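**Q** target26.txt is the file, holding compact mmCIF, C-alpha atoms and all ligand atoms:
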```
# COMPACT_ATOMS: atom_id res chain seq x y z
CA MET A 1 0.00 0.00 0.00
CA VAL A 2 1.29 3.49 -0.89
CA THR A 3 0.34 6.30 1.44
CA THR A 4 1.43 9.91 1.39
CA ARG A 5 0.25 10.63 4.90
CA SER A 6 2.21 10.08 8.07
CA ILE A 7 0.26 10.95 11.18
CA PRO A 8 2.18 10.64 14.45
CA LEU A 9 0.58 9.68 17.74
CA ALA A 10 1.29 12.96 19.54
CA ARG A 11 2.84 16.38 18.93
CA PRO A 12 3.45 19.27 21.31
CA HIS A 13 2.04 22.71 20.48
CA ILE A 14 4.85 25.21 21.05
CA GLY A 15 4.37 28.84 20.01
CA GLU A 16 6.31 32.08 19.79
CA ARG A 17 5.55 32.94 23.45
CA GLU A 18 7.22 29.77 24.76
CA ARG A 19 10.23 30.39 22.50
CA GLU A 20 10.54 33.98 23.77
CA LEU A 21 10.36 32.91 27.41
CA VAL A 22 13.01 30.23 26.88
CA MET A 23 15.22 32.80 25.14
CA ASP A 24 14.79 35.13 28.15
CA VAL A 25 16.18 32.35 30.33
CA LEU A 26 19.03 31.63 27.95
CA ARG A 27 19.99 35.32 27.87
CA SER A 28 20.10 35.39 31.67
CA ASP A 29 22.64 33.49 33.73
CA ALA A 30 19.95 31.65 35.68
CA LEU A 31 19.44 28.33 33.94
CA ALA A 32 18.51 26.67 37.24
CA CYS A 33 17.09 27.88 40.57
CA GLY A 34 15.95 31.23 39.12
CA GLU A 35 12.63 33.06 38.97
CA MET A 36 10.82 31.04 36.28
CA VAL A 37 10.16 27.95 38.40
CA PRO A 38 8.53 29.87 41.31
CA ALA A 39 6.50 31.92 38.80
CA PHE A 40 5.30 28.74 37.08
CA GLU A 41 4.45 27.18 40.46
CA ARG A 42 2.37 30.20 41.51
CA ALA A 43 0.48 30.31 38.22
CA PHE A 44 -0.14 26.55 38.30
CA ALA A 45 -1.44 26.58 41.90
CA GLU A 46 -3.81 29.38 40.95
CA ARG A 47 -5.10 27.45 37.92
CA VAL A 48 -5.75 24.28 39.92
CA GLY A 49 -7.04 26.17 42.98
CA THR A 50 -4.57 24.97 45.60
CA ARG A 51 -2.38 26.96 47.99
CA PHE A 52 0.87 25.37 46.83
CA ALA A 53 2.41 23.78 43.78
CA VAL A 54 5.90 22.26 43.80
CA ALA A 55 7.62 21.83 40.43
CA CYS A 56 9.77 18.79 39.73
CA SER A 57 11.63 17.13 36.89
CA SER A 58 8.89 14.66 35.84
CA GLY A 59 5.59 13.16 36.84
CA THR A 60 7.50 10.11 38.06
CA ALA A 61 9.68 12.32 40.28
CA GLY A 62 6.55 13.99 41.69
CA LEU A 63 4.96 10.64 42.51
CA HIS A 64 8.22 9.43 44.03
CA VAL A 65 8.60 12.36 46.44
CA ALA A 66 4.90 12.36 47.33
CA LEU A 67 5.32 8.73 48.46
CA ASP A 68 8.82 9.16 49.89
CA ARG A 69 7.57 11.63 52.50
CA LEU A 70 5.28 8.86 53.86
CA ASP A 71 8.33 6.84 55.01
CA LEU A 72 7.27 3.59 53.39
CA GLY A 73 9.34 0.45 53.64
CA PRO A 74 9.38 -3.32 53.22
CA GLY A 75 6.06 -4.95 54.10
CA ASP A 76 4.07 -1.76 53.52
CA GLU A 77 1.34 -1.92 50.90
CA VAL A 78 0.15 0.78 48.53
CA ILE A 79 -3.12 0.31 46.65
CA THR A 80 -3.27 1.51 43.06
CA SER A 81 -4.53 0.33 39.68
CA SER A 82 -2.71 -1.65 37.03
CA PHE A 83 -4.30 0.15 34.07
CA SER A 84 -1.78 2.99 34.05
CA PHE A 85 1.64 4.00 32.85
CA ILE A 86 4.19 1.85 34.67
CA ALA A 87 5.67 4.78 36.63
CA SER A 88 2.57 4.90 38.88
CA ALA A 89 3.53 1.52 40.35
CA ASN A 90 7.32 1.70 39.94
CA VAL A 91 7.54 4.53 42.47
CA ILE A 92 6.02 2.18 45.05
CA LEU A 93 8.81 -0.31 44.32
CA HIS A 94 11.39 2.49 44.55
CA GLU A 95 10.17 2.95 48.14
CA ARG A 96 10.62 -0.81 48.74
CA ALA A 97 6.88 -1.15 49.39
CA THR A 98 4.47 -3.51 47.63
CA PRO A 99 1.96 -2.32 45.03
CA VAL A 100 -1.47 -3.89 45.53
CA PHE A 101 -3.54 -3.62 42.37
CA ALA A 102 -7.28 -3.08 42.69
CA ASP A 103 -9.39 -3.70 39.60
CA ILE A 104 -10.93 -0.89 37.55
CA ASP A 105 -14.34 0.32 36.48
CA GLU A 106 -15.21 -1.08 33.04
CA ARG A 107 -16.38 2.32 31.69
CA THR A 108 -14.01 4.90 33.21
CA PHE A 109 -10.93 2.59 33.41
CA ASN A 110 -10.27 4.17 36.83
CA VAL A 111 -9.89 2.25 40.06
CA ASP A 112 -13.16 0.90 41.45
CA PRO A 113 -13.64 2.33 44.99
CA ALA A 114 -15.22 -0.95 46.17
CA ALA A 115 -12.12 -2.84 44.99
CA VAL A 116 -9.94 -0.33 46.86
CA GLU A 117 -11.89 -0.92 50.05
CA ALA A 118 -11.65 -4.69 49.62
CA ALA A 119 -7.86 -4.45 49.17
CA ILE A 120 -7.21 -2.61 52.43
CA THR A 121 -5.23 -4.59 55.02
CA PRO A 122 -3.50 -3.58 58.27
CA ARG A 123 -0.36 -3.06 56.15
CA THR A 124 -1.95 -0.55 53.74
CA ARG A 125 0.03 2.70 54.02
CA ALA A 126 -1.20 4.71 51.03
CA ILE A 127 -3.62 4.76 48.11
CA VAL A 128 -2.61 6.06 44.67
CA PRO A 129 -5.73 6.52 42.52
CA ILE A 130 -5.09 7.47 38.90
CA HIS A 131 -7.18 9.77 36.72
CA ILE A 132 -6.51 7.78 33.59
CA PHE A 133 -6.89 9.17 30.08
CA GLY A 134 -8.01 12.50 31.57
CA TYR A 135 -11.27 11.13 33.00
CA PRO A 136 -11.43 11.72 36.77
CA CYS A 137 -11.68 8.75 39.11
CA ASP A 138 -14.27 8.79 41.88
CA ILE A 139 -11.90 10.71 44.10
CA GLU A 140 -14.58 11.60 46.62
CA ALA A 141 -15.38 7.92 47.28
CA VAL A 142 -11.69 6.94 47.39
CA SER A 143 -10.85 9.83 49.75
CA ARG A 144 -13.78 8.91 52.01
CA ILE A 145 -12.66 5.27 52.24
CA ALA A 146 -9.07 6.37 52.87
CA ALA A 147 -10.13 8.81 55.61
CA GLU A 148 -12.22 6.12 57.33
CA HIS A 149 -9.08 3.98 57.56
CA GLY A 150 -6.65 6.85 58.22
CA ILE A 151 -4.72 6.14 55.01
CA PRO A 152 -3.09 8.97 53.02
CA VAL A 153 -3.94 9.41 49.32
CA VAL A 154 -1.64 10.61 46.54
CA GLU A 155 -3.48 11.33 43.29
CA ASP A 156 -1.81 10.51 40.00
CA ALA A 157 -3.17 13.33 37.86
CA CYS A 158 -0.38 13.07 35.27
CA GLU A 159 -2.91 12.70 32.45
CA ALA A 160 -5.62 14.87 33.94
CA LEU A 161 -4.75 18.56 33.95
CA GLY A 162 -7.94 20.49 33.24
CA CYS A 163 -10.57 18.03 34.44
CA SER A 164 -12.86 18.49 37.42
CA VAL A 165 -14.91 16.41 39.81
CA ASN A 166 -18.18 17.98 40.96
CA GLY A 167 -17.00 21.34 39.68
CA ARG A 168 -13.67 21.27 41.54
CA ALA A 169 -10.44 20.83 39.60
CA VAL A 170 -8.69 17.49 39.97
CA GLY A 171 -5.85 18.14 42.38
CA SER A 172 -7.92 20.35 44.69
CA HIS A 173 -9.67 17.60 46.67
CA GLY A 174 -7.38 17.67 49.69
CA ASN A 175 -4.71 15.17 48.62
CA PRO A 176 -1.32 15.85 47.08
CA ALA A 177 -1.86 15.43 43.32
CA VAL A 178 0.87 14.88 40.75
CA TYR A 179 0.88 16.17 37.17
CA GLY A 180 3.16 15.22 34.29
CA PHE A 181 4.32 17.48 31.47
CA TYR A 182 5.84 15.08 28.92
CA PRO A 183 5.29 16.38 25.35
CA ASN A 184 2.18 14.23 24.77
CA LYS A 185 0.38 15.85 27.72
CA GLN A 186 -2.24 18.63 27.71
CA LEU A 187 0.54 21.00 28.87
CA THR A 188 4.20 20.29 28.26
CA THR A 189 7.51 21.51 29.63
CA GLY A 190 9.57 18.91 27.73
CA GLU A 191 10.20 16.81 30.79
CA GLY A 192 8.58 18.03 33.99
CA GLY A 193 5.98 17.59 36.67
CA MET A 194 4.15 19.35 39.49
CA VAL A 195 2.67 18.37 42.84
CA THR A 196 -0.22 20.42 44.24
CA THR A 197 -1.33 20.60 47.87
CA ASP A 198 -3.11 22.90 50.32
CA ASP A 199 -0.94 21.76 53.20
CA ALA A 200 2.05 23.99 54.00
CA ASP A 201 3.93 21.15 55.74
CA VAL A 202 3.43 18.77 52.81
CA ALA A 203 4.58 21.49 50.40
CA ALA A 204 7.69 22.14 52.51
CA ASP A 205 8.51 18.39 52.60
CA LEU A 206 8.10 18.09 48.84
CA ARG A 207 10.13 21.22 48.13
CA SER A 208 12.92 19.88 50.28
CA LEU A 209 12.82 16.36 48.82
CA VAL A 210 13.06 17.57 45.20
CA ASN A 211 16.01 19.77 46.21
CA GLN A 212 18.44 17.31 47.83
CA GLY A 213 16.76 17.50 51.24
CA ARG A 214 17.57 21.18 51.75
CA SER A 215 15.21 23.32 53.79
CA ASP A 216 14.04 26.82 53.04
CA ASN A 217 16.42 28.50 55.50
CA GLY A 218 18.76 29.42 52.68
CA ASP A 219 21.71 27.32 53.81
CA TRP A 220 22.67 25.55 50.58
CA LEU A 221 24.93 22.98 52.19
CA VAL A 222 22.72 21.82 55.03
CA HIS A 223 20.57 18.81 54.10
CA GLN A 224 17.78 18.08 56.59
CA ARG A 225 16.85 14.79 54.96
CA VAL A 226 18.00 12.44 52.22
CA GLY A 227 16.49 14.01 49.13
CA PHE A 228 16.80 13.84 45.37
CA ASN A 229 17.76 16.15 42.58
CA TYR A 230 14.29 16.31 41.06
CA ARG A 231 14.33 20.07 40.44
CA MET A 232 12.70 21.52 37.36
CA ASP A 233 15.09 23.68 35.30
CA GLU A 234 14.34 27.24 34.23
CA MET A 235 13.91 26.51 30.51
CA SER A 236 11.25 23.92 31.28
CA ALA A 237 9.44 26.31 33.61
CA ALA A 238 9.57 29.00 30.91
CA ILE A 239 7.85 26.66 28.46
CA GLY A 240 5.33 25.78 31.18
CA ILE A 241 4.43 29.43 31.79
CA GLY A 242 3.81 29.95 28.08
CA GLN A 243 1.72 26.78 27.91
CA LEU A 244 -0.30 27.69 30.99
CA GLU A 245 -1.16 31.09 29.51
CA LYS A 246 -2.92 29.33 26.64
CA LEU A 247 -4.11 26.24 28.52
CA GLU A 248 -7.83 26.93 28.03
CA ALA A 249 -7.31 27.25 24.27
CA LEU A 250 -5.23 24.05 24.20
CA LEU A 251 -7.90 22.13 26.13
CA GLU A 252 -10.64 23.48 23.89
CA ALA A 253 -8.69 22.53 20.75
CA ARG A 254 -8.23 18.99 22.09
CA ARG A 255 -11.97 18.83 22.81
CA ARG A 256 -12.69 19.84 19.20
CA VAL A 257 -10.39 17.13 17.82
CA ALA A 258 -12.15 14.56 20.04
CA GLU A 259 -15.53 15.68 18.73
CA ARG A 260 -14.30 15.30 15.15
CA TYR A 261 -13.16 11.78 15.99
CA ASP A 262 -16.53 10.99 17.57
CA ALA A 263 -18.22 12.01 14.32
CA ALA A 264 -15.69 10.28 12.04
CA LEU A 265 -15.83 6.98 13.95
CA ALA A 266 -19.54 6.87 14.75
CA GLY A 267 -21.34 3.64 13.99
CA ILE A 268 -18.37 1.40 13.17
CA ASP A 269 -19.21 -2.15 14.15
CA GLY A 270 -16.96 -3.47 16.94
CA VAL A 271 -15.52 -0.04 17.79
CA GLU A 272 -16.48 1.58 21.09
CA LEU A 273 -15.68 5.29 21.47
CA PRO A 274 -14.35 6.95 24.64
CA TYR A 275 -16.68 6.96 27.64
CA ARG A 276 -18.78 10.08 28.08
CA GLY A 277 -19.81 10.25 31.72
CA PRO A 278 -21.15 12.82 34.12
CA GLU A 279 -17.74 14.48 34.46
CA GLU A 280 -16.06 16.24 31.58
CA ARG A 281 -12.94 14.55 30.28
CA SER A 282 -9.78 16.59 29.81
CA TRP A 283 -8.70 15.02 26.54
CA PHE A 284 -5.29 13.40 26.95
CA VAL A 285 -5.61 10.60 24.39
CA TYR A 286 -8.30 9.54 21.98
CA TYR A 287 -8.70 5.79 22.25
CA VAL A 288 -11.04 3.21 20.79
CA ARG A 289 -11.97 -0.06 22.41
CA LEU A 290 -12.22 -2.95 19.95
CA ALA A 291 -14.74 -5.73 20.46
CA GLU A 292 -13.45 -9.08 21.77
CA GLY A 293 -12.27 -11.16 18.85
CA ILE A 294 -10.93 -8.27 16.75
CA ASP A 295 -7.20 -8.71 16.23
CA ARG A 296 -5.81 -5.45 17.61
CA ASP A 297 -2.30 -6.05 16.26
CA ALA A 298 -3.72 -6.53 12.77
CA VAL A 299 -5.72 -3.31 13.10
CA ALA A 300 -2.60 -1.44 14.24
CA ALA A 301 -0.58 -2.90 11.35
CA GLY A 302 -3.29 -1.98 8.83
CA LEU A 303 -3.39 1.58 10.16
CA ALA A 304 0.41 1.84 10.14
CA ALA A 305 0.39 0.81 6.46
CA ARG A 306 -1.93 3.79 5.87
CA GLY A 307 0.40 6.19 7.69
CA VAL A 308 -1.53 6.23 10.96
CA ALA A 309 0.46 5.73 14.18
CA THR A 310 -1.32 3.92 17.02
CA ARG A 311 -0.35 2.38 20.33
CA PRO A 312 -1.87 -0.51 22.28
CA TYR A 313 -2.50 1.67 25.27
CA LEU A 314 -2.25 0.76 28.09
CA PRO A 315 -0.57 -2.56 28.81
CA ALA A 316 -1.47 -3.78 32.32
CA ILE A 317 1.35 -3.05 34.75
CA HIS A 318 1.00 -6.30 36.69
CA LEU A 319 1.77 -8.26 33.50
CA GLN A 320 4.97 -6.32 32.71
CA PRO A 321 8.13 -8.47 33.01
CA PRO A 322 9.51 -7.13 36.32
CA TYR A 323 6.12 -7.53 38.03
CA ARG A 324 5.63 -11.06 36.71
CA ALA A 325 9.15 -11.95 37.81
CA ARG A 326 9.02 -10.38 41.24
CA PHE A 327 5.46 -11.20 42.29
CA GLY A 328 4.54 -14.13 40.05
CA TYR A 329 1.59 -12.21 38.60
CA ALA A 330 -0.15 -13.79 35.62
CA GLU A 331 -3.23 -13.41 33.45
CA GLY A 332 -6.53 -13.77 35.28
CA MET A 333 -5.60 -11.70 38.31
CA LEU A 334 -7.48 -8.53 37.33
CA PRO A 335 -10.23 -9.48 34.87
CA VAL A 336 -11.52 -5.99 34.02
CA THR A 337 -8.07 -4.41 33.71
CA GLU A 338 -6.91 -7.24 31.46
CA ARG A 339 -10.02 -7.15 29.28
CA VAL A 340 -9.75 -3.39 28.78
CA SER A 341 -6.01 -3.49 28.31
CA ARG A 342 -6.26 -6.13 25.54
CA ALA A 343 -8.77 -4.06 23.58
CA THR A 344 -7.83 -0.37 23.75
CA LEU A 345 -5.91 1.37 21.01
CA ALA A 346 -4.73 5.00 21.14
CA LEU A 347 -5.10 6.96 17.91
CA PRO A 348 -3.15 10.05 16.80
CA PHE A 349 -4.21 12.90 19.05
CA PHE A 350 -2.89 16.45 19.21
CA VAL A 351 -4.02 20.03 18.74
CA GLN A 352 -2.73 20.43 15.17
CA LEU A 353 -4.55 17.34 13.88
CA GLU A 354 -6.59 18.59 10.93
CA GLU A 355 -10.07 17.60 9.87
CA GLY A 356 -8.60 15.76 6.86
CA ASP A 357 -6.27 13.77 9.14
CA VAL A 358 -9.15 12.70 11.37
CA ALA A 359 -11.18 11.72 8.30
CA HIS A 360 -8.19 9.73 7.04
CA VAL A 361 -7.88 7.89 10.37
CA GLY A 362 -11.62 7.18 10.39
CA GLY A 363 -11.66 5.98 6.78
CA SER A 364 -8.56 3.86 7.35
CA LEU A 365 -10.05 2.21 10.42
CA ARG A 366 -13.24 1.33 8.54
CA GLU A 367 -11.20 -0.06 5.65
CA VAL A 368 -8.88 -2.12 7.87
CA LEU A 369 -11.78 -3.62 9.80
CA ARG A 370 -13.53 -4.57 6.54
CA GLU A 371 -10.41 -6.32 5.32
CA LEU A 372 -9.75 -8.34 8.50
C1 LIG B 1 -0.71 8.06 34.55
C2 LIG B 1 0.75 8.46 34.50
N1 LIG B 1 1.48 8.40 35.63
C3 LIG B 1 2.76 8.76 35.65
C4 LIG B 1 3.40 9.22 34.52
C5 LIG B 1 4.85 9.58 34.58
O1 LIG B 1 5.09 10.89 34.18
P1 LIG B 1 6.52 11.27 33.52
O2 LIG B 1 6.59 10.60 32.20
O3 LIG B 1 6.45 12.76 33.43
O4 LIG B 1 7.56 10.82 34.46
C6 LIG B 1 2.67 9.32 33.33
C7 LIG B 1 3.28 9.86 32.11
O5 LIG B 1 3.66 9.44 31.16
C8 LIG B 1 1.32 8.91 33.31
O6 LIG B 1 0.61 8.94 32.17
```
Step by step, read the file and then write its structure as C-alpha cells.
Ligand SMILES: Cc1ncc(COP(=O)(O)O)c(C=O)c1O
**A**
Amino acid sequence: MVTTRSIPLARPHIGERERELVMDVLRSDALACGEMVPAFERAFAERVGTRFAVACSSGTAGLHVALDRLDLGPGDEVITSSFSFIASANVILHERATPVFADIDERTFNVDPAAVEAAITPRTRAIVPIHIFGYPCDIEAVSRIAAEHGIPVVEDACEALGCSVNGRAVGSHGNPAVYGFYPNKQLTTGEGGMVTTDDADVAADLRSLVNQGRSDNGDWLVHQRVGFNYRMDEMSAAIGIGQLEKLEALLEARRRVAERYDAALAGIDGVELPYRGPEERSWFVYYVRLAEGIDRDAVAAGLAARGVATRPYLPAIHLQPPYRARFGYAEGMLPVTERVSRATLALPFFVQLEEGDVAHVGGSLREVLREL
C-alpha cells in the first residue's frame, strides 16, 4: 500500500511565546534555581485552585517524592490500579513497598472504589488513585474510604490537567496530586511535573525532597533529609508558563479534535468510542476499544500501512516483566483491567490534527476492519 500521509501519535504545540520565554532564560545566567520555576508554580497553583504547587523534573519524580515523605518500607502496601503508565507503580517499588492492584471500572478505566476498600489490610500505608486518560476517578469515594481507615492518598493526575470532579479541579480535593508534562500531555515543559497541595507542611517536605533535602532556610549545604535532585530547570518552567497562559485554548482545541473523531468513527461495528460520563474529560488521548475477537495487532498494522500511528495503550502493569518476575503475577488476576487493556488502542491525538487527518484515520479504520 502506498500512502502519502504520516500521522504521528502525539505532537506538542509550542508557540512564539514559549520560544521567547526560553530565550529570556538563555539570555540570563539563571538556567537553574531562578525566577521562572517559582513563577510557574504560583500560576499553576492558581489554575488548579490549591495553595501550593511544587515543580519537579517529571511526573515520576513527583509521585516518588509524594510517596517518599510517607516513610514507606518493606512490608508496607500501597493500593493503586494496574491500568496505568508503569511509573505509577514503579515509584512504590522504589520505596521498597508492595503495590497492591485493585481492579478498575469497566467504563471509566479508573480504580473501582469498592475494589480499593476490599484491598485494604493492616499493612496498607497509602492509596494512589489514577485519573486515567483524563477522566477523573471517583476521588470523593476513594478519599472517604481512605479517611475512614486513616490512610493517606496521593493522586496521579499526570494525564488529567484540566478536568474536574463535581466542579472542583482534579488536584484540589485535599490530597497531594501529581501532574506530568511530557510532550504528549495537555501541557508540556519537555520533561517536567508538578505536585499540588493545600498543606504547608506537605509542600515544605516536597520542596525539600526535590532539592536534595535542603530546607528553606537558605543554607545551601545543610541537608535536613535524604532528598533527590528532582528540580525543574528554568527553561522547562519558561515553556510551562507559556503553555499555561494558553491552557484553556489548548484544552478546547483537544476537545474539538475529540468531537471530530466521535463524528468520524460513529457507527463502526466493533468499535467503542471513549466513555462520556457525568464528568467532563480533559482530553489526553483519543482511544477506541475494539470488540473481543478483533485482532488489535492486525488493526494497528493496517493503520500503520496507511500512515496512521497507534499504540496498544495501556498494557497492564502487573503483567509487565519485572512484576511477573518479582510477584509471580499472571493473566486472570485482574479481569476488568486485562479485558480493557487487551482491547484499547490510542489513535493520533494532538491540537494540530486537521479535519482531513481525522477523516483519514476514520476511513482507514473502517477499511482495515472490513479487510480483516
Ligand atoms: C498516569 C501516569 N502516571 C505517571 C506518569 C509519569 O510521568 P513522567 O513521564 O512525566 O515521568 C505518566 C506519564 O507518562 C502517566 O501517564
**Q** May I have the residues within 8 Å of Gln186 of chain A as a list in words, using all atoms listed in the file and disregarding those fewer than 4 positions away in the same chain?
**A** Glu159, Leu161, Phe181, Leu247, Leu250, Leu251, Trp283 and Phe284 of chain A
**Q** Could you tell me how far atom CA of Arg260 of chain A sits from atom CA of Glu354 of chain A, in Å to one decimal place?
**A**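 Interatomic distance here is 9.4 Å.
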**Q** What are the centre and edge lengths in Å, to one decimal, of the axis-aligned box around all listed atoms of segment 139-142 of chain A with 4 Å added on each side, as lines of an AutoDock Vina configuration file?
**A**
```
center_x = -13.5
center_y = 9.3
center_z = 45.7
size_x = 11.7
size_y = 12.7
size_z = 11.3
```
**Q** Please, which residues have at least one atom within 7 Å of an atom of ligand LIG 1 (chain B), using all atoms listed in the file, listed as a list in words?
**A**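 Listed by chain and ascending number, the contacts are Ser58, Gly59, Thr60, Ala61, Ser84, Phe85, Ala87, Ser88, Ile130, Ile132, Asp156, Ala157, Cys158, Glu159, Gly180, Phe181, Tyr182, Glu191, Gly192 and Gly193 of chain A.
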**Q** If I take atom CA of Ala10 of chain A and atom CA of Glu252 of chain A, how far is one from the other in Å, to one decimal?
**A**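 Going from atom CA of Ala10 of chain A over to atom CA of Glu252 of chain A, I get 16.5 Å.
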**Q** Have a look at A:Arg207, A:Arg276, A:Arg96, A:Arg17 and name the one nearest to Thr108 of chain A; count only C-alpha atoms.
**A**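 Going through A:Arg207, A:Arg276, A:Arg96, A:Arg17 one by one, the smallest distance to Thr108 of chain A is for A:Arg276.
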**Q** Just the residues within 10 Å of Arg254 of chain A, please, counting all atoms listed in the file, with nothing from its chain fewer than 4 positions along; format it as an MDAnalysis selection string.
**A** chainID A and resid 186 248:250 258:260 282:286 349:353
**Q** To one decimal place in Å, what is the distance between atom CA of Ala330 of chain A and atom CA of Ala119 of chain A?
**A**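 Separating atom CA of Ala330 of chain A from atom CA of Ala119 of chain A is a distance of 18.2 Å.
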**Q** May I ask which of the residues A:Lys246, A:His360, A:Arg324, A:Arg342 is the closest one to Ala264 of chain A, counting all atoms listed in the file?
**A**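 Among the listed residues, A:His360 lies closest to Ala264 of chain A.
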**Q** In terms of the shortest atom-to-atom distance over all atoms listed in the file, which of A:Val78, A:Leu347, A:Leu372, A:Ala305 is closest to Gly293 of chain A?
**A**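 Answer, going by the shortest atom-to-atom distance: A:Leu372.
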**Q** For Ala66 of chain A, which of A:Ala304, A:Ala263, A:Ala203, A:Val111 is the closest residue, counting all atoms listed in the file?
**A**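 Going through A:Ala304, A:Ala263, A:Ala203, A:Val111 one by one, the smallest distance to Ala66 of chain A is for A:Ala203.
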**Q** So which one's closest to Tyr230 of chain A, A:Ala298, A:Leu334, A:Val340, A:Ala55? Using all atoms listed in the file, please.
**A** A:Ala55
**Q** At most 8 Å is the cut-off: for each residue in segment 235-271 of chain A with any atom that close to an atom of segment 31-48 of chain A, write down the nearest atom pair and the distance in Å rounded to one decimal, counting only C-alpha atoms, chain first then increasing number, as CSV.
**A**
```
residue,atom,partner,partner_atom,distance
A:Met235,CA,A:Leu31,CA,6.8
A:Ala237,CA,A:Val37,CA,5.1
A:Ala238,CA,A:Met36,CA,5.9
A:Gly240,CA,A:Phe40,CA,6.6
A:Ile241,CA,A:Phe40,CA,5.4
A:Leu244,CA,A:Phe44,CA,7.4
```
**Q** Write out, as a PDB file, in the coordinates of the input, the residues just selected, with C-alpha atoms.
**A**
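again.pdb, freshly written:
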```pdb
ATOM      1  CA  MET A 235      13.910  26.510  30.510  1.00  0.00           C
ATOM      2  CA  ALA A 237       9.440  26.310  33.610  1.00  0.00           C
ATOM      3  CA  ALA A 238       9.570  29.000  30.910  1.00  0.00           C
ATOM      4  CA  GLY A 240       5.330  25.780  31.180  1.00  0.00           C
ATOM      5  CA  ILE A 241       4.430  29.430  31.790  1.00  0.00           C
ATOM      6  CA  LEU A 244      -0.300  27.690  30.990  1.00  0.00           C
TER       7      LEU A 244
END
```
**Q** Between A:Thr124, A:Thr98, A:Thr188, A:Thr197, which one has atoms that come closest to Ile14 of chain A, using all atoms listed in the file?
**A**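 Closest candidate: A:Thr188.
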**Q** Given the point (9.2, 5.3, 47.0) in the file's coordinates, find the residues that have an atom at most 9 Å from it, counting only C-alpha atoms, and give them as a list in words.
**A**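 Result, sorted by chain then residue number: Leu63, His64, Val65, Ala66, Leu67, Asp68, Arg69, Leu70, Asp71, Leu72, Gly73, Asn90, Val91, Ile92, Leu93, His94, Glu95, Arg96 and Ala97 of chain A.
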**Q** Env of segment 363-365 of chain A: 9 Å cut, atoms = all atoms listed in the file, seq-sep filter 6 positions within chain, self excluded. Answer as a list in words.
**A**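 Residues near the query, excluding close chain neighbours: Ala264, Leu265, Ile268, Val299, Gly302, Leu303, Arg306 and Val308 of chain A.
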**Q** Have segment 203-215 of chain A completed to N, CA, C and O atoms, please, and pass it along as a short mmCIF file (atom, residue, chain, number, x, y, z; two decimals), in the coordinates of the input.
**A**
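rebuild17.cif written:
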```
data_model
loop_
_atom_site.label_atom_id
_atom_site.label_comp_id
_atom_site.auth_asym_id
_atom_site.auth_seq_id
_atom_site.Cartn_x
_atom_site.Cartn_y
_atom_site.Cartn_z
N ALA A 203 3.87 20.73 51.44
CA ALA A 203 4.58 21.49 50.40
C ALA A 203 6.05 21.65 50.79
O ALA A 203 6.95 21.50 49.95
N ALA A 204 6.30 21.95 52.07
CA ALA A 204 7.69 22.14 52.51
C ALA A 204 8.48 20.83 52.38
O ALA A 204 9.63 20.83 51.93
N ASP A 205 7.86 19.71 52.76
CA ASP A 205 8.51 18.39 52.60
C ASP A 205 8.87 18.15 51.14
O ASP A 205 9.99 17.74 50.82
N LEU A 206 7.89 18.39 50.27
CA LEU A 206 8.10 18.09 48.84
C LEU A 206 9.20 18.99 48.27
O LEU A 206 10.08 18.54 47.53
N ARG A 207 9.14 20.26 48.64
CA ARG A 207 10.13 21.22 48.13
C ARG A 207 11.54 20.81 48.56
O ARG A 207 12.49 20.94 47.80
N SER A 208 11.62 20.31 49.78
CA SER A 208 12.92 19.88 50.28
C SER A 208 13.37 18.59 49.56
O SER A 208 14.52 18.49 49.13
N LEU A 209 12.45 17.65 49.43
CA LEU A 209 12.82 16.36 48.82
C LEU A 209 13.27 16.51 47.36
O LEU A 209 14.17 15.81 46.92
N VAL A 210 12.64 17.42 46.60
CA VAL A 210 13.06 17.57 45.20
C VAL A 210 14.39 18.31 45.11
O VAL A 210 15.04 18.32 44.07
N ASN A 211 14.80 18.94 46.22
CA ASN A 211 16.01 19.77 46.21
C ASN A 211 17.05 19.23 47.18
O ASN A 211 17.55 19.95 48.04
N GLN A 212 17.35 17.95 47.07
CA GLN A 212 18.44 17.31 47.83
C GLN A 212 18.26 17.39 49.34
O GLN A 212 19.24 17.36 50.09
N GLY A 213 17.01 17.51 49.80
CA GLY A 213 16.76 17.50 51.24
C GLY A 213 17.06 18.81 51.94
O GLY A 213 17.07 18.88 53.17
N ARG A 214 17.31 19.87 51.11
CA ARG A 214 17.57 21.18 51.75
C ARG A 214 16.28 21.73 52.34
O ARG A 214 15.19 21.43 51.85
N SER A 215 16.42 22.62 53.35
CA SER A 215 15.21 23.32 53.79
C SER A 215 15.25 24.75 53.27
O SER A 215 16.20 25.15 52.61
#
```
